[in-house]
>>> print(open('work.cif').read())   # mmCIF, C-alpha atoms (C1' of nucleotides)
data_protein
loop_
_atom_site.group_PDB
_atom_site.id
_atom_site.type_symbol
_atom_site.label_atom_id
_atom_site.label_comp_id
_atom_site.auth_asym_id
_atom_site.auth_seq_id
_atom_site.Cartn_x
_atom_site.Cartn_y
_atom_site.Cartn_z
ATOM 1 C CA MET A 1 22.248 10.794 30.634
ATOM 2 C CA PRO A 2 23.414 8.419 28.023
ATOM 3 C CA GLU A 3 21.299 7.283 25.096
ATOM 4 C CA GLY A 4 22.735 7.496 21.591
ATOM 5 C CA HIS A 5 21.920 11.165 21.061
ATOM 6 C CA VAL A 6 24.063 12.116 24.076
ATOM 7 C CA LEU A 7 27.049 10.211 22.727
ATOM 8 C CA LEU A 8 26.785 11.868 19.325
ATOM 9 C CA ARG A 9 26.628 15.276 20.973
ATOM 10 C CA LEU A 10 29.691 14.453 23.050
ATOM 11 C CA ALA A 11 31.585 13.240 19.994
ATOM 12 C CA ASN A 12 30.726 16.452 18.165
ATOM 13 C CA GLU A 13 31.771 18.561 21.132
ATOM 14 C CA ILE A 14 35.086 16.765 21.528
ATOM 15 C CA THR A 15 35.826 17.254 17.846
ATOM 16 C CA ALA A 16 34.776 20.907 17.910
ATOM 17 C CA THR A 17 36.804 21.659 21.027
ATOM 18 C CA PHE A 18 39.978 19.643 20.584
ATOM 19 C CA ALA A 19 40.408 18.239 17.073
ATOM 20 C CA GLY A 20 43.590 19.216 15.266
ATOM 21 C CA GLN A 21 45.400 20.321 18.416
ATOM 22 C CA PRO A 22 47.842 18.715 20.786
ATOM 23 C CA VAL A 23 46.025 18.003 24.057
ATOM 24 C CA ARG A 24 46.889 17.077 27.594
ATOM 25 C CA VAL A 25 45.592 13.679 28.628
ATOM 26 C CA SER A 26 45.570 12.721 32.292
ATOM 27 C CA SER A 27 43.867 10.513 34.835
ATOM 28 C CA PRO A 28 43.556 12.403 38.134
ATOM 29 C CA GLN A 29 41.850 9.403 39.694
ATOM 30 C CA GLY A 30 44.545 7.064 38.354
ATOM 31 C CA LYS A 31 42.628 4.262 36.692
ATOM 32 C CA PHE A 32 43.600 5.375 33.191
ATOM 33 C CA ALA A 33 47.064 6.661 34.100
ATOM 34 C CA THR A 34 49.235 4.427 31.952
ATOM 35 C CA ALA A 35 47.256 5.019 28.773
ATOM 36 C CA ALA A 36 46.915 8.715 29.559
ATOM 37 C CA GLN A 37 50.682 9.027 29.750
ATOM 38 C CA LEU A 38 51.028 7.415 26.338
ATOM 39 C CA LEU A 39 48.569 9.861 24.751
ATOM 40 C CA ASP A 40 49.553 13.016 26.638
ATOM 41 C CA GLY A 41 50.707 15.792 24.316
ATOM 42 C CA ARG A 42 49.560 14.045 21.148
ATOM 43 C CA GLU A 43 47.237 15.553 18.586
ATOM 44 C CA LEU A 44 43.568 14.641 18.964
ATOM 45 C CA VAL A 45 42.348 13.739 15.486
ATOM 46 C CA GLY A 46 38.612 13.584 16.166
ATOM 47 C CA ALA A 47 35.812 11.756 17.916
ATOM 48 C CA GLU A 48 32.981 9.522 16.752
ATOM 49 C CA SER A 49 30.012 7.778 18.335
ATOM 50 C CA ALA A 50 28.369 4.489 17.444
ATOM 51 C CA GLY A 51 25.300 3.496 19.419
ATOM 52 C CA LYS A 52 26.236 4.297 23.014
ATOM 53 C CA HIS A 53 29.966 3.932 22.363
ATOM 54 C CA LEU A 54 32.374 6.835 22.028
ATOM 55 C CA PHE A 55 35.727 6.711 20.250
ATOM 56 C CA ILE A 56 38.383 9.408 20.514
ATOM 57 C CA ASN A 57 41.001 9.098 17.805
ATOM 58 C CA PHE A 58 44.619 10.021 18.487
ATOM 59 C CA GLY A 59 45.985 8.712 15.186
ATOM 60 C CA ARG A 60 48.570 5.931 14.681
ATOM 61 C CA GLY A 61 45.750 3.468 15.361
ATOM 62 C CA ASP A 62 45.320 4.599 18.962
ATOM 63 C CA LEU A 63 41.812 5.348 20.222
ATOM 64 C CA ILE A 64 40.131 5.818 23.569
ATOM 65 C CA HIS A 65 37.007 3.693 23.828
ATOM 66 C CA ILE A 66 34.426 5.049 26.264
ATOM 67 C CA HIS A 67 31.109 3.621 27.374
ATOM 68 C CA LEU A 68 29.330 5.741 29.957
ATOM 69 C CA GLY A 69 27.134 2.968 31.283
ATOM 70 C CA LEU A 70 24.232 4.054 33.431
ATOM 71 C CA ILE A 71 25.892 6.698 35.545
ATOM 72 C CA GLY A 72 28.912 7.869 33.586
ATOM 73 C CA ARG A 73 29.253 11.422 32.379
ATOM 74 C CA LEU A 74 31.630 13.584 30.396
ATOM 75 C CA ASP A 75 31.587 17.237 31.382
ATOM 76 C CA PHE A 76 33.163 20.195 29.589
ATOM 77 C CA ALA A 77 34.285 23.158 31.668
ATOM 78 C CA PRO A 78 36.862 25.926 31.808
ATOM 79 C CA LEU A 79 40.148 24.425 32.945
ATOM 80 C CA ALA A 80 40.348 24.183 36.744
ATOM 81 C CA GLU A 81 41.421 21.751 39.442
ATOM 82 C CA PRO A 82 39.580 18.434 39.004
ATOM 83 C CA ILE A 83 36.788 17.812 41.501
ATOM 84 C CA GLY A 84 35.933 14.302 42.666
ATOM 85 C CA GLN A 85 36.810 11.100 40.861
ATOM 86 C CA VAL A 86 37.959 12.035 37.382
ATOM 87 C CA ARG A 87 39.113 8.982 35.503
ATOM 88 C CA LEU A 88 40.049 10.798 32.304
ATOM 89 C CA ARG A 89 40.726 14.426 31.615
ATOM 90 C CA ILE A 90 41.435 15.895 28.191
ATOM 91 C CA ASP A 91 42.335 19.564 28.065
ATOM 92 C CA ASN A 92 43.876 22.124 25.757
ATOM 93 C CA GLY A 93 44.916 24.578 28.438
ATOM 94 C CA VAL A 94 41.615 26.424 28.208
ATOM 95 C CA THR A 95 38.835 23.855 28.269
ATOM 96 C CA SER A 96 38.748 20.454 29.929
ATOM 97 C CA ALA A 97 36.569 17.399 29.369
ATOM 98 C CA ASP A 98 36.282 15.264 32.527
ATOM 99 C CA LEU A 99 35.079 11.663 32.508
ATOM 100 C CA ARG A 100 33.470 10.206 35.624
ATOM 101 C CA GLY A 101 31.760 6.944 36.479
ATOM 102 C CA ALA A 102 32.094 5.334 33.076
ATOM 103 C CA THR A 103 31.737 1.591 32.643
ATOM 104 C CA THR A 104 34.487 1.532 30.040
ATOM 105 C CA CYS A 105 37.481 3.762 29.403
ATOM 106 C CA ARG A 106 40.371 2.026 27.695
ATOM 107 C CA LEU A 107 42.969 2.397 25.017
ATOM 108 C CA ILE A 108 42.137 0.344 21.938
ATOM 109 C CA THR A 109 43.422 -0.201 18.397
ATOM 110 C CA GLU A 110 41.688 0.385 15.099
ATOM 111 C CA PRO A 111 40.840 -3.331 14.630
ATOM 112 C CA GLU A 112 39.283 -3.386 18.089
ATOM 113 C CA ARG A 113 37.126 -0.431 17.141
ATOM 114 C CA ALA A 114 36.017 -2.313 14.046
ATOM 115 C CA GLU A 115 35.072 -5.325 16.166
ATOM 116 C CA ILE A 116 32.876 -3.189 18.404
ATOM 117 C CA LEU A 117 31.129 -1.645 15.402
ATOM 118 C CA ALA A 118 30.610 -5.067 13.867
ATOM 119 C CA ARG A 119 28.607 -6.353 16.804
ATOM 120 C CA LEU A 120 26.312 -3.334 16.960
ATOM 121 C CA GLY A 121 22.953 -3.241 15.229
ATOM 122 C CA PRO A 122 22.082 -0.293 12.962
ATOM 123 C CA ASP A 123 22.190 3.085 14.733
ATOM 124 C CA PRO A 124 19.295 5.418 13.822
ATOM 125 C CA LEU A 125 21.687 8.358 14.129
ATOM 126 C CA ARG A 126 24.174 7.150 11.544
ATOM 127 C CA VAL A 127 23.322 8.024 7.953
ATOM 128 C CA ASP A 128 25.009 4.840 6.736
ATOM 129 C CA SER A 129 22.663 2.640 8.799
ATOM 130 C CA VAL A 130 20.520 0.071 7.033
ATOM 131 C CA PRO A 131 17.631 -1.169 9.201
ATOM 132 C CA ASP A 132 17.196 -4.467 7.309
ATOM 133 C CA SER A 133 19.291 -6.516 9.727
ATOM 134 C CA ALA A 134 17.259 -5.211 12.658
ATOM 135 C CA TRP A 135 14.033 -6.197 10.940
ATOM 136 C CA THR A 136 15.368 -9.675 10.253
ATOM 137 C CA ARG A 137 16.205 -10.135 13.925
ATOM 138 C CA ILE A 138 12.859 -8.782 15.111
ATOM 139 C CA ARG A 139 10.589 -10.618 12.712
ATOM 140 C CA THR A 140 12.115 -13.968 13.652
ATOM 141 C CA SER A 141 12.174 -13.453 17.405
ATOM 142 C CA ASN A 142 9.800 -14.537 20.146
ATOM 143 C CA ARG A 143 11.269 -11.934 22.451
ATOM 144 C CA PRO A 144 9.105 -8.883 23.196
ATOM 145 C CA ILE A 145 9.713 -5.805 21.066
ATOM 146 C CA GLY A 146 10.408 -3.787 24.210
ATOM 147 C CA GLU A 147 13.323 -6.086 24.913
ATOM 148 C CA LEU A 148 14.577 -6.234 21.326
ATOM 149 C CA LEU A 149 14.755 -2.451 21.054
ATOM 150 C CA MET A 150 17.102 -2.385 24.059
ATOM 151 C CA ASP A 151 19.368 -5.073 22.588
ATOM 152 C CA GLN A 152 22.318 -3.163 21.133
ATOM 153 C CA SER A 153 23.045 -5.930 18.653
ATOM 154 C CA VAL A 154 19.567 -5.448 17.165
ATOM 155 C CA VAL A 155 19.367 -1.633 17.187
ATOM 156 C CA SER A 156 22.104 0.485 18.740
ATOM 157 C CA GLY A 157 21.786 3.755 20.599
ATOM 158 C CA VAL A 158 18.213 3.227 21.808
ATOM 159 C CA GLY A 159 17.823 3.252 25.592
ATOM 160 C CA ASN A 160 14.999 3.113 28.085
ATOM 161 C CA VAL A 161 13.486 6.509 27.264
ATOM 162 C CA TYR A 162 13.402 6.114 23.489
ATOM 163 C CA ARG A 163 12.131 2.538 23.847
ATOM 164 C CA ALA A 164 9.157 3.617 25.943
ATOM 165 C CA GLU A 165 8.390 6.665 23.846
ATOM 166 C CA VAL A 166 8.667 5.207 20.357
ATOM 167 C CA LEU A 167 6.415 2.287 21.345
ATOM 168 C CA PHE A 168 3.854 4.708 22.758
ATOM 169 C CA ARG A 169 3.929 6.874 19.635
ATOM 170 C CA GLN A 170 3.510 3.830 17.424
ATOM 171 C CA ARG A 171 0.860 2.388 19.761
ATOM 172 C CA ILE A 172 2.637 -0.907 20.202
ATOM 173 C CA HIS A 173 2.601 -2.806 23.488
ATOM 174 C CA PRO A 174 6.157 -3.394 24.740
ATOM 175 C CA LEU A 175 5.427 -7.058 25.430
ATOM 176 C CA ARG A 176 4.364 -7.861 21.893
ATOM 177 C CA PRO A 177 6.643 -10.547 20.459
ATOM 178 C CA GLY A 178 8.911 -9.336 17.662
ATOM 179 C CA LYS A 179 7.638 -11.952 15.252
ATOM 180 C CA LEU A 180 4.096 -10.556 15.508
ATOM 181 C CA LEU A 181 5.142 -7.119 14.304
ATOM 182 C CA ARG A 182 4.239 -6.161 10.778
ATOM 183 C CA ARG A 183 6.888 -4.791 8.479
ATOM 184 C CA LYS A 184 5.085 -1.476 8.297
ATOM 185 C CA GLN A 185 5.125 -1.219 12.073
ATOM 186 C CA PHE A 186 8.849 -1.806 12.207
ATOM 187 C CA GLN A 187 9.395 0.693 9.412
ATOM 188 C CA ALA A 188 7.388 3.246 11.382
ATOM 189 C CA ILE A 189 9.380 2.537 14.560
ATOM 190 C CA TRP A 190 12.655 2.968 12.709
ATOM 191 C CA GLU A 191 11.671 6.194 10.970
ATOM 192 C CA ASP A 192 10.297 7.582 14.210
ATOM 193 C CA LEU A 193 13.536 6.749 16.028
ATOM 194 C CA VAL A 194 15.571 8.499 13.336
ATOM 195 C CA GLY A 195 13.497 11.656 13.691
ATOM 196 C CA LEU A 196 13.286 11.605 17.480
ATOM 197 C CA MET A 197 16.968 10.932 17.997
ATOM 198 C CA GLN A 198 18.031 13.603 15.504
ATOM 199 C CA GLU A 199 15.845 15.998 17.428
ATOM 200 C CA GLY A 200 17.506 14.762 20.621
ATOM 201 C CA VAL A 201 20.922 15.619 19.198
ATOM 202 C CA ARG A 202 19.722 19.051 18.166
ATOM 203 C CA LEU A 203 18.085 19.943 21.496
ATOM 204 C CA GLY A 204 20.199 17.956 23.924
ATOM 205 C CA ARG A 205 17.094 16.409 25.503
ATOM 206 C CA ILE A 206 14.436 13.879 24.673
ATOM 207 C CA ASP A 207 11.168 15.429 23.554
ATOM 208 C CA THR A 208 8.577 13.120 22.089
ATOM 209 C CA VAL A 209 5.242 14.834 22.679
ATOM 210 C CA LEU A 210 3.227 15.879 19.606
ATOM 211 C CA PRO A 211 2.030 19.502 19.258
ATOM 212 C CA GLU A 212 -1.541 18.603 20.250
ATOM 213 C CA HIS A 213 -0.369 17.151 23.576
ATOM 214 C CA THR A 214 2.112 19.777 24.681
ATOM 215 C CA PRO A 215 1.528 21.562 28.007
ATOM 216 C CA GLU A 216 0.597 24.735 26.116
ATOM 217 C CA SER A 217 -2.032 23.148 23.904
ATOM 218 C CA MET A 218 -3.513 21.043 26.699
ATOM 219 C CA GLY A 219 -3.355 23.681 29.405
ATOM 220 C CA ARG A 220 -1.487 21.367 31.740
ATOM 221 C CA ASP A 221 1.646 21.987 33.772
ATOM 222 C CA PRO A 222 4.900 21.283 31.982
ATOM 223 C CA ARG A 223 6.469 18.029 33.050
ATOM 224 C CA VAL A 224 9.495 18.281 35.283
ATOM 225 C CA ASP A 225 11.800 15.302 35.208
ATOM 226 C CA ASP A 226 15.495 14.674 35.732
ATOM 227 C CA HIS A 227 16.134 13.971 32.087
ATOM 228 C CA GLY A 228 14.675 17.367 31.212
ATOM 229 C CA GLY A 229 12.450 16.397 28.304
ATOM 230 C CA GLU A 230 8.749 16.276 27.615
ATOM 231 C CA VAL A 231 7.619 12.669 27.210
ATOM 232 C CA TYR A 232 4.428 10.601 27.105
ATOM 233 C CA VAL A 233 5.031 7.611 29.363
ATOM 234 C CA TYR A 234 8.631 7.363 30.517
ATOM 235 C CA ARG A 235 8.656 7.497 34.346
ATOM 236 C CA ARG A 236 4.992 8.532 34.367
ATOM 237 C CA ALA A 237 3.630 5.371 36.000
ATOM 238 C CA GLY A 238 0.373 6.049 37.859
ATOM 239 C CA LEU A 239 -0.260 9.326 36.013
ATOM 240 C CA GLU A 240 -2.820 10.023 33.308
ATOM 241 C CA CYS A 241 -1.972 9.418 29.667
ATOM 242 C CA PHE A 242 -1.812 12.738 27.787
ATOM 243 C CA ARG A 243 -3.665 11.181 24.893
ATOM 244 C CA CYS A 244 -6.525 9.223 26.508
ATOM 245 C CA GLY A 245 -6.380 9.801 30.264
ATOM 246 C CA SER A 246 -5.783 6.162 31.189
ATOM 247 C CA ILE A 247 -3.277 5.437 33.940
ATOM 248 C CA VAL A 248 0.221 4.725 32.666
ATOM 249 C CA LYS A 249 1.532 1.300 33.685
ATOM 250 C CA THR A 250 5.023 0.062 34.442
ATOM 251 C CA GLU A 251 6.686 -3.321 34.591
ATOM 252 C CA ASN A 252 10.241 -4.544 34.569
ATOM 253 C CA LEU A 253 11.290 -5.635 31.097
ATOM 254 C CA ALA A 254 14.808 -6.690 30.159
ATOM 255 C CA GLY A 255 16.009 -5.571 33.583
ATOM 256 C CA ARG A 256 14.677 -2.048 33.203
ATOM 257 C CA ASN A 257 11.435 -0.320 34.049
ATOM 258 C CA SER A 258 9.168 -0.234 31.023
ATOM 259 C CA PHE A 259 6.245 2.199 30.767
ATOM 260 C CA TRP A 260 3.162 2.136 28.577
ATOM 261 C CA CYS A 261 -0.459 3.204 28.316
ATOM 262 C CA PRO A 262 -2.723 0.144 28.606
ATOM 263 C CA ASN A 263 -5.351 1.797 26.406
ATOM 264 C CA CYS A 264 -3.232 3.330 23.639
ATOM 265 C CA GLN A 265 -0.936 0.316 23.459
ATOM 266 C CA ARG A 266 -3.245 -2.682 23.404
ATOM 267 C CA LYS A 267 -2.308 -6.261 23.748
ATOM 268 C CA ARG A 268 -3.761 -8.202 20.848
ATOM 269 C CA SER A 269 -5.921 -11.305 21.174
ATOM 270 C CA SER A 270 -3.594 -13.161 18.799
ATOM 271 C CA TRP A 271 -1.055 -13.602 21.552
ATOM 272 C CA GLN A 272 -0.916 -13.799 25.305
ATOM 273 C CA GLY A 273 1.639 -11.511 26.900
ATOM 274 C "C1'" DC B 1 23.614 11.411 58.049
ATOM 275 C "C1'" DC B 2 21.207 7.677 55.382
ATOM 276 C "C1'" DT B 3 18.784 5.126 51.376
ATOM 277 C "C1'" DC B 4 17.027 4.944 46.858
ATOM 278 C "C1'" DT B 5 17.116 5.635 41.976
ATOM 279 C "C1'" DA B 6 19.059 6.506 37.329
ATOM 280 C "C1'" DT B 7 18.782 7.450 29.837
ATOM 281 C "C1'" DG B 8 23.822 0.387 30.788
ATOM 282 C "C1'" DG B 9 25.839 -3.696 30.387
ATOM 283 C "C1'" DC B 10 28.836 -7.390 31.966
ATOM 284 C "C1'" DG B 11 29.676 -11.868 33.956
ATOM 285 C "C1'" DA B 12 28.695 -15.340 37.446
ATOM 286 C "C1'" DA B 13 25.180 -18.653 38.943
ATOM 287 C "C1'" DT C 1 18.033 -13.721 37.384
ATOM 288 C "C1'" DC C 2 21.186 -11.417 40.225
ATOM 289 C "C1'" DG C 3 25.136 -8.808 41.780
ATOM 290 C "C1'" DC C 4 28.329 -5.561 40.552
ATOM 291 C "C1'" DC C 5 30.644 -1.626 38.493
ATOM 292 C "C1'" DC C 6 30.536 3.602 39.681
ATOM 293 C "C1'" DT C 7 28.710 8.643 40.435
ATOM 294 C "C1'" DA C 8 25.306 12.183 41.539
ATOM 295 C "C1'" DG C 9 21.064 13.967 42.894
ATOM 296 C "C1'" DA C 10 16.724 13.597 45.472
ATOM 297 C "C1'" DG C 11 14.436 12.728 49.482
ATOM 298 C "C1'" DG C 12 13.900 10.837 54.297
ATOM 299 C "C1'" DC C 13 15.370 11.192 59.228
#
>>> encode(input="work.cif", output="structure tokens")
Amino acid sequence: MPEGHVLLRLANEITATFAGQPVRVSSPQGKFATAAQLLDGRELVGAESAGKHLFINFGRGDLIHIHLGLIGRLDFAPLAEPIGQVRLRIDNGVTSADLRGATTCRLITEPERAEILARLGPDPLRVDSVPDSAWTRIRTSNRPIGELLMDQSVVSGVGNVYRAEVLFRQRIHPLRPGKLLRRKQFQAIWEDLVGLMQEGVRLGRIDTVLPEHTPESMGRDPRVDDHGGEVYVYRRAGLECFRCGSIVKTENLAGRNSFWCPNCQRKRSSWQG
DNA sequence: CCTCTATGGCGAA
DNA sequence: TCGCCCTAGAGGC
């Protein structure tokens, strides 16, 4: 589930549910037991996301740092016996938030939080983000744009779905080297990411399809996919492009499956990809 | 029952 | 580049 919009939603939900109250902190599965004991009964001050990182603040410089990785999840539910492997549980006697499968769950200090933020590129979901540093990295790089967008030190919070979709919407081939992008193209990518990801936070899913290509306006069946959103190319390899009818292609890029339309996103003659 | 895949990322070769 | 972390759901047998 986890691209940046999910983490911001989780941060907001933690704050809305628990902030300003003393909470129980436990580790039914045991891997976070020592830290949980230290935090148990303390007031939860609030939560914040940065890129795909989540920070839960307990004051006095103590924070829980969570990274969900590929398969991690944080589920809210009415308080009940934990089911399965719950590494971290926060509850207020009424509602519980259970963490499972996360890559990272550890107790950190305020300076450690600052270090993590410092190595992240600008996050399209943070109002204080300035995209200039991302542009500098991209315009001087030989690496493909589809790889650069997944590099959290270039842009943070973007994952495999937003990468595929923003490049489709901007009609840029994922293998195009960063240094061959024009400033206007990067500006368009950034602004599109800001809008798409804000919409993702609002809806809790990734929708990227323009009004003229929705199932209703095209008379096609709505797309059904695990991630629950309506998208142009992500995980649509072998199917027809909603815009031009060409067959969507896929190829591994930066260790992940990348998807694009070979007609809408042309390779240019000025480089060989 | 089994295998495969998944919106990530780290560290060892 | 590859294996690994770790969980859940889908699909095959």
>>> resolve_selection(input="work.cif", expression="the PyMOL selection byres ((chain A) within 10 of (chain C))", output="PyMOL selection string")
chain A and resi 69-73+84-85+100-104+226+255
>>> resolve_selection(input="work.cif", expression="the PyMOL selection byres ((chain B) within 7 of (chain A))", output="count of residues only")
4
>>> atom_distance(input="work.cif", atom1="atom CA of A:Glu43", atom2="atom CA of A:Gln21")
5.1 Å
>>> atom_distance(input="work.cif", atom1="atom CA of A:Arg9", atom2="atom CA of A:Leu74")
10.8 Å
>>> atom_distance(input="work.cif", atom1="atom CA of A:Leu79", atom2="atom CA of A:Asp98")
10.0 Å
>>> decode(input="work.cif", residues="chain C", atoms="C-alpha atoms (C1' of nucleotides)", output="PDB file, in the first residue's frame")
ATOM      1  C1'  DT C   1      22.668  -7.589  -9.638  1.00  0.00           C
ATOM      2  C1'  DC C   2      20.936 -10.483  -6.181  1.00  0.00           C
ATOM      3  C1'  DG C   3      19.145 -12.121  -1.830  1.00  0.00           C
ATOM      4  C1'  DC C   4      16.719 -10.916   2.031  1.00  0.00           C
ATOM      5  C1'  DC C   5      13.480  -8.808   5.216  1.00  0.00           C
ATOM      6  C1'  DC C   6       8.292  -9.760   6.183  1.00  0.00           C
ATOM      7  C1'  DT C   7       2.946 -10.200   5.452  1.00  0.00           C
ATOM      8  C1'  DA C   8      -1.289 -10.974   2.843  1.00  0.00           C
ATOM      9  C1'  DG C   9      -4.002 -12.034  -0.969  1.00  0.00           C
ATOM     10  C1'  DA C  10      -4.699 -14.402  -5.387  1.00  0.00           C
ATOM     11  C1'  DG C  11      -4.550 -18.325  -7.969  1.00  0.00           C
ATOM     12  C1'  DG C  12      -3.076 -23.185  -9.091  1.00  0.00           C
ATOM     13  C1'  DC C  13      -3.373 -28.164  -7.778  1.00  0.00           C
TER      14       DC C  13
END
